[in-house]
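K.L.:
Quick one: structure below, then a few questions.
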Amino acid sequence: PSLHGAAAKAGLPIISQVEATRDPRLCFLSLEYSEIIRPAEFATGQLFNVHFSLLPHYRGCNTSVWPILRGEAEHGVTLHLIDAGVDTGPIIDQRAFPLGEMTAFDAYMQCQRVGLELLLEWMPRLIAGDFTVRAQGKGTCFPRKALDYARKEIDLAEPAEQVLRRIRAFTFPAYQLPTLGGRNIVEWSLEPFDESATVHAADGPVYLRFSDAR
């Protein structure tokens, strides 16, 4: 739901970032914000971010896609202070969940739910300044340009497990589905050998079902 719309409906003032930087009483929380926050521009040090990964891993963008492509067993959400880096600020708290066979869309929606739980628990303490932090260690960062969403065509020359990871990683129905031969893939599984019912990856059969529309 639109945070802007909810604020307007509740009669809450909506201010610009420029206005916000000048208020030392501000408790600033970034939620899926598309711009880099620069702490030096703010009069307050109460700058927080909810990031959709288990930091220090998967800083940056497309955080529901990369863990699937890289075969991670779990994913999660991190609440942290904002510093001058990109998702590098000290950690306040985290919540993890198993990825299982989730698609990128499933993982993103679970991050929304877990992130809300984390925020509701911590918001009163953030406002009061009642929290401790721990420094991040060495991690990974993926800039926006590191992922090409145009490469959604599945390559059956890859091993079957990697084929299924790519299908899951590029499944986000609101925007796109992975394809094979230009056809949208809507269902998939690894199957026992059956020549009549499967296509074949590099090392085994994979069952696919396609949508009617390309």
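Labeling convention for the structure tokens: chains A, B, ... as they appear, residues from 1 per chain, ligands from 1 in order of appearance.
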Just want the 10 Å neighbourhood of Phe52 of chain A, counted on only C-alpha atoms, with same-chain residues fewer than 2 positions away dropped. Output as a count of residues only.
P.N.:
27
K.L.:
Run DSSP on the backbone and tell me which residues of segment 24-99 of chain A come out as strand (DSSP E); list them as a ChimeraX atom specification.
P.N.:
/A:28-31,47-51,59-60,74-81,91-98
K.L.:
Neighbouring residues of Ala20 of chain A were defined as those with any atom within 9 Å, considering only C-alpha atoms; residues of the same chain fewer than 6 positions away were excluded. Please report them as a VMD selection string.
P.N.:
chain A and resid 26 28 42 to 43
K.L.:
Between A:Pro159, A:Pro124, A:Pro56, A:Gly45, which has the minimum distance to Pro24 of chain A (counting only C-alpha atoms)?
P.N.:
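Using only C-alpha atoms, Pro24 of chain A sits closest to A:Gly45.
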K.L.:
Between A:Val199, A:Leu164, A:Ala84, A:Leu208, which has the minimum distance to Ile36 of chain A (counting only C-alpha atoms)?
P.N.:
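Of all the options, A:Ala84 lies closest to Ile36 of chain A.
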K.L.:
Find the spatial neighbours of His80 of chain A, counting only C-alpha atoms, within a cut-off of 6 Å - ignore same-chain residues fewer than 5 positions away - and output them as JSON, numbers by chain.
P.N.:
{"A": [48, 49, 89, 90, 91, 92]}
K.L.:
Keeping N, CA, C and O atoms, export the residues of the selection given above as a PDB file, in the first residue's frame.
P.N.:
```pdb
ATOM      1  N   PHE A  48      17.782   5.479  10.055  1.00  0.00           N
ATOM      2  CA  PHE A  48      17.664   4.031  10.067  1.00  0.00           C
ATOM      3  C   PHE A  48      17.196   3.513   8.703  1.00  0.00           C
ATOM      4  O   PHE A  48      16.517   4.214   7.952  1.00  0.00           O
ATOM      5  N   ASN A  49      17.545   2.260   8.432  1.00  0.00           N
ATOM      6  CA  ASN A  49      17.130   1.627   7.176  1.00  0.00           C
ATOM      7  C   ASN A  49      16.679   0.197   7.447  1.00  0.00           C
ATOM      8  O   ASN A  49      17.281  -0.511   8.261  1.00  0.00           O
ATOM      9  N   GLY A  89      25.913   0.367   7.354  1.00  0.00           N
ATOM     10  CA  GLY A  89      25.809   0.877   8.714  1.00  0.00           C
ATOM     11  C   GLY A  89      25.662  -0.218   9.758  1.00  0.00           C
ATOM     12  O   GLY A  89      25.245  -1.342   9.457  1.00  0.00           O
ATOM     13  N   PRO A  90      25.990   0.089  11.027  1.00  0.00           N
ATOM     14  CA  PRO A  90      25.912  -0.884  12.113  1.00  0.00           C
ATOM     15  C   PRO A  90      24.519  -1.495  12.254  1.00  0.00           C
ATOM     16  O   PRO A  90      23.497  -0.815  12.086  1.00  0.00           O
ATOM     17  N   ILE A  91      24.487  -2.790  12.582  1.00  0.00           N
ATOM     18  CA  ILE A  91      23.235  -3.553  12.644  1.00  0.00           C
ATOM     19  C   ILE A  91      22.586  -3.427  14.015  1.00  0.00           C
ATOM     20  O   ILE A  91      23.247  -3.538  15.056  1.00  0.00           O
ATOM     21  N   ILE A  92      21.265  -3.216  13.999  1.00  0.00           N
ATOM     22  CA  ILE A  92      20.471  -3.185  15.230  1.00  0.00           C
ATOM     23  C   ILE A  92      19.815  -4.539  15.472  1.00  0.00           C
ATOM     24  O   ILE A  92      19.869  -5.094  16.560  1.00  0.00           O
TER      25      ILE A  92
END
```
K.L.:
Based on DSSP run over this structure's backbone, return all residues of segment 29-139 of chain A in alpha helix (DSSP H), as a CSV table (one decimal) with all heavy atoms, in the first residue's frame.
P.N.:
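Listing of out.csv after writing:
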```csv
chain,number,residue,atom,x,y,z
A,66,TRP,N,19.4,-12.3,-6.0
A,66,TRP,CA,20.7,-12.9,-5.9
A,66,TRP,C,20.8,-14.1,-4.9
A,66,TRP,O,21.5,-15.0,-5.3
A,66,TRP,CB,21.7,-11.8,-5.5
A,66,TRP,CG,22.0,-10.8,-6.6
A,66,TRP,CD1,21.6,-9.5,-6.7
A,66,TRP,CD2,22.7,-11.1,-7.8
A,66,TRP,NE1,22.1,-9.0,-7.9
A,66,TRP,CE2,22.7,-10.0,-8.6
A,66,TRP,CE3,23.3,-12.3,-8.3
A,66,TRP,CZ2,23.4,-9.9,-9.8
A,66,TRP,CZ3,23.9,-12.2,-9.5
A,66,TRP,CH2,24.0,-11.1,-10.3
A,67,PRO,N,20.2,-14.1,-3.8
A,67,PRO,CA,20.3,-15.3,-2.9
A,67,PRO,C,19.8,-16.5,-3.6
A,67,PRO,O,20.3,-17.6,-3.3
A,67,PRO,CB,19.5,-14.9,-1.7
A,67,PRO,CG,19.5,-13.4,-1.7
A,67,PRO,CD,19.4,-13.0,-3.1
A,68,ILE,N,18.8,-16.4,-4.4
A,68,ILE,CA,18.2,-17.6,-5.1
A,68,ILE,C,19.2,-18.0,-6.2
A,68,ILE,O,19.5,-19.2,-6.3
A,68,ILE,CB,16.9,-17.3,-5.7
A,68,ILE,CG1,15.8,-17.0,-4.6
A,68,ILE,CG2,16.4,-18.4,-6.6
A,68,ILE,CD1,14.5,-16.5,-5.1
A,69,LEU,N,19.7,-17.1,-7.0
A,69,LEU,CA,20.7,-17.5,-8.0
A,69,LEU,C,21.9,-18.1,-7.4
A,69,LEU,O,22.5,-19.0,-8.0
A,69,LEU,CB,21.1,-16.2,-8.8
A,69,LEU,CG,20.1,-15.6,-9.8
A,69,LEU,CD1,20.6,-14.4,-10.4
A,69,LEU,CD2,19.8,-16.7,-10.9
A,104,ALA,N,11.6,-15.3,-6.5
A,104,ALA,CA,12.0,-13.9,-6.0
A,104,ALA,C,10.8,-13.1,-5.5
A,104,ALA,O,10.9,-12.4,-4.6
A,104,ALA,CB,12.6,-13.2,-7.2
A,105,PHE,N,9.6,-13.3,-6.1
A,105,PHE,CA,8.4,-12.7,-5.7
A,105,PHE,C,8.0,-13.1,-4.3
A,105,PHE,O,7.7,-12.3,-3.4
A,105,PHE,CB,7.2,-12.9,-6.7
A,105,PHE,CG,5.9,-12.3,-6.2
A,105,PHE,CD1,5.7,-11.0,-6.3
A,105,PHE,CD2,4.9,-13.1,-5.7
A,105,PHE,CE1,4.5,-10.4,-5.9
A,105,PHE,CE2,3.7,-12.6,-5.2
A,105,PHE,CZ,3.5,-11.2,-5.4
A,106,ASP,N,8.0,-14.4,-4.1
A,106,ASP,CA,7.7,-15.0,-2.7
A,106,ASP,C,8.7,-14.4,-1.7
A,106,ASP,O,8.2,-14.0,-0.6
A,106,ASP,CB,7.9,-16.5,-2.7
A,106,ASP,CG,6.9,-17.2,-3.7
A,106,ASP,OD1,5.8,-16.7,-3.9
A,106,ASP,OD2,7.3,-18.3,-4.1
A,107,ALA,N,10.0,-14.4,-2.0
A,107,ALA,CA,11.0,-13.9,-1.0
A,107,ALA,C,10.7,-12.4,-0.8
A,107,ALA,O,10.9,-12.0,0.4
A,107,ALA,CB,12.4,-14.1,-1.6
A,108,TYR,N,10.4,-11.6,-1.8
A,108,TYR,CA,10.2,-10.2,-1.6
A,108,TYR,C,9.0,-10.0,-0.7
A,108,TYR,O,9.0,-9.1,0.2
A,108,TYR,CB,9.9,-9.5,-2.9
A,108,TYR,CG,9.7,-8.0,-2.8
A,108,TYR,CD1,10.7,-7.1,-2.6
A,108,TYR,CD2,8.4,-7.5,-2.9
A,108,TYR,CE1,10.5,-5.8,-2.5
A,108,TYR,CE2,8.2,-6.2,-2.8
A,108,TYR,CZ,9.2,-5.3,-2.6
A,108,TYR,OH,9.0,-4.0,-2.5
A,109,MET,N,7.9,-10.7,-0.9
A,109,MET,CA,6.7,-10.5,-0.1
A,109,MET,C,6.9,-11.0,1.4
A,109,MET,O,6.4,-10.4,2.3
A,109,MET,CB,5.5,-11.3,-0.7
A,109,MET,CG,5.1,-10.8,-2.1
A,109,MET,SD,4.7,-9.0,-2.1
A,109,MET,CE,3.3,-8.9,-1.0
A,110,GLN,N,7.8,-12.0,1.5
A,110,GLN,CA,8.1,-12.5,2.9
A,110,GLN,C,8.9,-11.4,3.6
A,110,GLN,O,8.8,-11.2,4.8
A,110,GLN,CB,8.8,-13.8,2.9
A,110,GLN,CG,9.1,-14.4,4.2
A,110,GLN,CD,7.9,-14.7,5.1
A,110,GLN,OE1,6.8,-14.6,4.6
A,110,GLN,NE2,8.2,-15.2,6.3
A,111,CYS,N,9.8,-10.8,2.8
A,111,CYS,CA,10.6,-9.7,3.4
A,111,CYS,C,9.7,-8.5,3.8
A,111,CYS,O,9.9,-7.9,4.9
A,111,CYS,CB,11.6,-9.2,2.4
A,111,CYS,SG,13.1,-10.2,2.2
A,112,GLN,N,8.7,-8.3,3.1
A,112,GLN,CA,7.7,-7.2,3.5
A,112,GLN,C,7.1,-7.6,4.8
A,112,GLN,O,7.0,-6.7,5.7
A,112,GLN,CB,6.6,-7.1,2.4
A,112,GLN,CG,7.1,-6.6,1.1
A,112,GLN,CD,7.0,-5.1,0.9
A,112,GLN,OE1,6.9,-4.4,1.9
A,112,GLN,NE2,7.1,-4.6,-0.3
A,113,ARG,N,6.6,-8.8,5.0
A,113,ARG,CA,6.0,-9.2,6.2
A,113,ARG,C,6.9,-9.2,7.4
A,113,ARG,O,6.6,-8.7,8.5
A,113,ARG,CB,5.4,-10.6,6.0
A,113,ARG,CG,4.2,-10.7,5.1
A,113,ARG,CD,3.5,-12.1,5.1
A,113,ARG,NE,4.3,-13.0,4.3
A,113,ARG,CZ,4.1,-13.2,3.0
A,113,ARG,NH1,3.2,-12.6,2.3
A,113,ARG,NH2,4.9,-14.1,2.3
A,114,VAL,N,8.1,-9.8,7.2
A,114,VAL,CA,9.1,-9.8,8.3
A,114,VAL,C,9.6,-8.4,8.6
A,114,VAL,O,9.8,-8.1,9.8
A,114,VAL,CB,10.3,-10.8,7.9
A,114,VAL,CG1,11.4,-10.7,8.9
A,114,VAL,CG2,9.8,-12.2,7.7
A,115,GLY,N,9.8,-7.6,7.6
A,115,GLY,CA,10.2,-6.2,7.8
A,115,GLY,C,9.2,-5.4,8.6
A,115,GLY,O,9.6,-4.6,9.5
A,116,LEU,N,7.9,-5.6,8.4
A,116,LEU,CA,6.9,-4.9,9.1
A,116,LEU,C,6.9,-5.4,10.6
A,116,LEU,O,6.8,-4.5,11.5
A,116,LEU,CB,5.5,-5.2,8.5
A,116,LEU,CG,4.3,-4.6,9.2
A,116,LEU,CD1,4.5,-3.1,9.3
A,116,LEU,CD2,3.0,-5.0,8.6
A,117,GLU,N,7.1,-6.7,10.8
A,117,GLU,CA,7.2,-7.2,12.2
A,117,GLU,C,8.4,-6.5,12.9
A,117,GLU,O,8.2,-6.1,14.1
A,117,GLU,CB,7.3,-8.7,12.2
A,117,GLU,CG,6.1,-9.4,11.7
A,117,GLU,CD,6.4,-10.9,11.6
A,117,GLU,OE1,7.5,-11.4,11.9
A,117,GLU,OE2,5.4,-11.6,11.1
A,118,LEU,N,9.5,-6.5,12.3
A,118,LEU,CA,10.7,-5.9,12.8
A,118,LEU,C,10.5,-4.5,13.2
A,118,LEU,O,10.9,-4.0,14.2
A,118,LEU,CB,11.9,-6.1,11.9
A,118,LEU,CG,13.3,-5.9,12.3
A,118,LEU,CD1,13.7,-6.9,13.4
A,118,LEU,CD2,14.3,-6.0,11.2
A,119,LEU,N,9.9,-3.8,12.2
A,119,LEU,CA,9.7,-2.3,12.4
A,119,LEU,C,8.7,-2.0,13.6
A,119,LEU,O,9.0,-1.1,14.4
A,119,LEU,CB,9.1,-1.7,11.1
A,119,LEU,CG,8.9,-0.2,11.1
A,119,LEU,CD1,10.1,0.6,11.5
A,119,LEU,CD2,8.4,0.2,9.7
A,120,LEU,N,7.6,-2.8,13.6
A,120,LEU,CA,6.6,-2.5,14.7
A,120,LEU,C,7.2,-2.8,16.1
A,120,LEU,O,6.9,-2.1,17.1
A,120,LEU,CB,5.4,-3.4,14.5
A,120,LEU,CG,4.5,-3.0,13.3
A,120,LEU,CD1,3.4,-4.1,13.1
A,120,LEU,CD2,3.9,-1.6,13.5
A,121,GLU,N,8.1,-3.8,16.1
A,121,GLU,CA,8.8,-4.1,17.4
A,121,GLU,C,9.7,-3.0,17.8
A,121,GLU,O,9.8,-2.7,19.0
A,121,GLU,CB,9.5,-5.4,17.3
A,121,GLU,CG,10.3,-5.8,18.5
A,121,GLU,CD,11.1,-7.1,18.4
A,121,GLU,OE1,10.6,-8.0,17.6
A,121,GLU,OE2,12.1,-7.3,19.0
A,122,TRP,N,10.5,-2.5,16.9
A,122,TRP,CA,11.6,-1.6,17.2
A,122,TRP,C,11.3,-0.1,17.2
A,122,TRP,O,12.0,0.7,17.8
A,122,TRP,CB,12.8,-1.8,16.3
A,122,TRP,CG,13.6,-3.0,16.7
A,122,TRP,CD1,13.6,-4.3,16.3
A,122,TRP,CD2,14.6,-2.9,17.7
A,122,TRP,NE1,14.5,-5.0,17.0
A,122,TRP,CE2,15.2,-4.2,17.9
A,122,TRP,CE3,15.2,-1.9,18.5
A,122,TRP,CZ2,16.2,-4.5,18.7
A,122,TRP,CZ3,16.2,-2.2,19.4
A,122,TRP,CH2,16.7,-3.5,19.5
A,123,MET,N,10.2,0.3,16.5
A,123,MET,CA,9.9,1.7,16.3
A,123,MET,C,9.9,2.5,17.6
A,123,MET,O,10.6,3.6,17.7
A,123,MET,CB,8.6,1.9,15.5
A,123,MET,CG,8.3,3.4,15.3
A,123,MET,SD,9.6,4.3,14.3
A,123,MET,CE,9.3,3.7,12.7
A,124,PRO,N,9.2,2.1,18.7
A,124,PRO,CA,9.2,2.9,19.9
A,124,PRO,C,10.7,3.1,20.4
A,124,PRO,O,11.0,4.2,20.9
A,124,PRO,CB,8.3,2.1,20.8
A,124,PRO,CG,7.5,1.3,20.0
A,124,PRO,CD,8.3,0.9,18.8
A,125,ARG,N,11.5,2.0,20.4
A,125,ARG,CA,12.8,2.1,20.9
A,125,ARG,C,13.7,3.0,20.0
A,125,ARG,O,14.6,3.6,20.5
A,125,ARG,CB,13.4,0.7,21.1
A,125,ARG,CG,12.7,-0.1,22.1
A,125,ARG,CD,13.2,-1.5,22.2
A,125,ARG,NE,14.6,-1.5,22.7
A,125,ARG,CZ,15.3,-2.6,22.8
A,125,ARG,NH1,14.8,-3.8,22.6
A,125,ARG,NH2,16.6,-2.6,23.2
A,126,LEU,N,13.5,2.9,18.7
A,126,LEU,CA,14.3,3.8,17.8
A,126,LEU,C,14.0,5.3,18.1
A,126,LEU,O,15.0,6.1,18.2
A,126,LEU,CB,13.9,3.5,16.3
A,126,LEU,CG,14.3,2.1,15.8
A,126,LEU,CD1,13.9,2.0,14.3
A,126,LEU,CD2,15.7,1.8,16.0
A,127,ILE,N,12.8,5.6,18.3
A,127,ILE,CA,12.4,7.0,18.6
A,127,ILE,C,13.0,7.4,20.0
A,127,ILE,O,13.5,8.5,20.1
A,127,ILE,CB,10.9,7.1,18.7
A,127,ILE,CG1,10.3,6.9,17.2
A,127,ILE,CG2,10.4,8.5,19.2
A,127,ILE,CD1,8.8,6.8,17.2
A,128,ALA,N,13.0,6.5,20.9
A,128,ALA,CA,13.6,6.8,22.3
A,128,ALA,C,15.1,6.7,22.3
A,128,ALA,O,15.7,7.1,23.3
A,128,ALA,CB,13.0,5.8,23.3
```
